[in-house]
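K.L.:
I have a structure I would like to understand better, so I am pasting it below and will then ask my questions one at a time.
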Amino acid sequence: MMNFDEAMKRLTQIADELEKDDLPLDDAIKLFEEGLELSAQCQKQLKGYEDKVSDLVKKHSGEEAQ
């Protein structure tokens with residue numbers, strides 16, 4: 001599994017490739033499928049990061065209240 005930055009870089013490459021007019025349809029479908037998988041991976045990672053930040057904020061807020 002790629003880290004978030006690597007996956008985003010690859011998604012950018014895929015988007016650039018898909019914008020080319022001379023890309024065979026079979027290749028375009030494969031790239032599109034890879035892009036969907038990477039997008040789902042990035043969304044999952046972002047959710048994990050959001051949850052972690054939320055937990056850290058809650059923990060920090062609780063420590064200040066003491």
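In the structure tokens, each chain is lettered A, B, ... as it comes, each chain's residues begin at 1, and ligands are numbered from 1 in order of appearance.
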Run DSSP on the backbone and give me the residues of chain A it puts in alpha helix (DSSP H), as a ChimeraX atom specification.
P.N.:
/A:4-18,25-65
K.L.:
Would you put the residues from that selection into a file with C-alpha atoms, as a short mmCIF file (atom, residue, chain, number, x, y, z; two decimals), in the first residue's frame?
P.N.:
data_model
loop_
_atom_site.label_atom_id
_atom_site.label_comp_id
_atom_site.auth_asym_id
_atom_site.auth_seq_id
_atom_site.Cartn_x
_atom_site.Cartn_y
_atom_site.Cartn_z
CA PHE A 4 -0.97 9.14 1.05
CA ASP A 5 1.50 11.38 -0.80
CA GLU A 6 2.59 8.60 -3.13
CA ALA A 7 -1.01 7.69 -3.89
CA MET A 8 -1.92 11.31 -4.65
CA LYS A 9 1.10 11.64 -6.94
CA ARG A 10 0.05 8.48 -8.79
CA LEU A 11 -3.53 9.76 -9.07
CA THR A 12 -2.18 12.91 -10.71
CA GLN A 13 -0.18 10.81 -13.16
CA ILE A 14 -3.26 8.73 -13.96
CA ALA A 15 -5.36 11.85 -14.57
CA ASP A 16 -2.68 13.20 -16.92
CA GLU A 17 -2.59 9.91 -18.82
CA LEU A 18 -6.38 9.74 -19.09
CA LEU A 25 -9.53 2.22 -24.44
CA ASP A 26 -8.25 -0.92 -22.66
CA ASP A 27 -5.41 1.08 -21.11
CA ALA A 28 -7.77 3.87 -20.13
CA ILE A 29 -10.07 1.42 -18.35
CA LYS A 30 -7.13 -0.11 -16.45
CA LEU A 31 -5.90 3.33 -15.40
CA PHE A 32 -9.41 4.38 -14.39
CA GLU A 33 -9.76 1.26 -12.23
CA GLU A 34 -6.37 1.92 -10.60
CA GLY A 35 -7.44 5.51 -9.97
CA LEU A 36 -10.66 4.41 -8.28
CA GLU A 37 -8.74 2.04 -6.01
CA LEU A 38 -6.21 4.74 -5.09
CA SER A 39 -9.00 7.24 -4.47
CA ALA A 40 -10.70 4.83 -2.07
CA GLN A 41 -7.38 4.22 -0.33
CA CYS A 42 -6.78 7.97 0.06
CA GLN A 43 -10.27 8.53 1.42
CA LYS A 44 -9.75 5.76 3.98
CA GLN A 45 -6.39 7.23 5.00
CA LEU A 46 -7.85 10.73 5.30
CA LYS A 47 -10.64 9.41 7.52
CA GLY A 48 -8.04 7.78 9.73
CA TYR A 49 -6.07 11.03 9.94
CA GLU A 50 -9.23 13.00 10.76
CA ASP A 51 -10.11 10.54 13.53
CA LYS A 52 -6.61 10.73 14.96
CA VAL A 53 -6.59 14.54 14.95
CA SER A 54 -10.03 14.58 16.57
CA ASP A 55 -8.83 12.18 19.29
CA LEU A 56 -5.72 14.27 19.90
CA VAL A 57 -7.76 17.47 20.19
CA LYS A 58 -10.15 15.82 22.62
CA LYS A 59 -7.25 14.44 24.66
CA HIS A 60 -5.50 17.80 24.72
CA SER A 61 -8.69 19.62 25.66
CA GLY A 62 -9.26 17.16 28.50
CA GLU A 63 -5.74 17.69 29.82
CA GLU A 64 -6.19 21.47 29.88
CA ALA A 65 -9.45 21.18 31.81
#
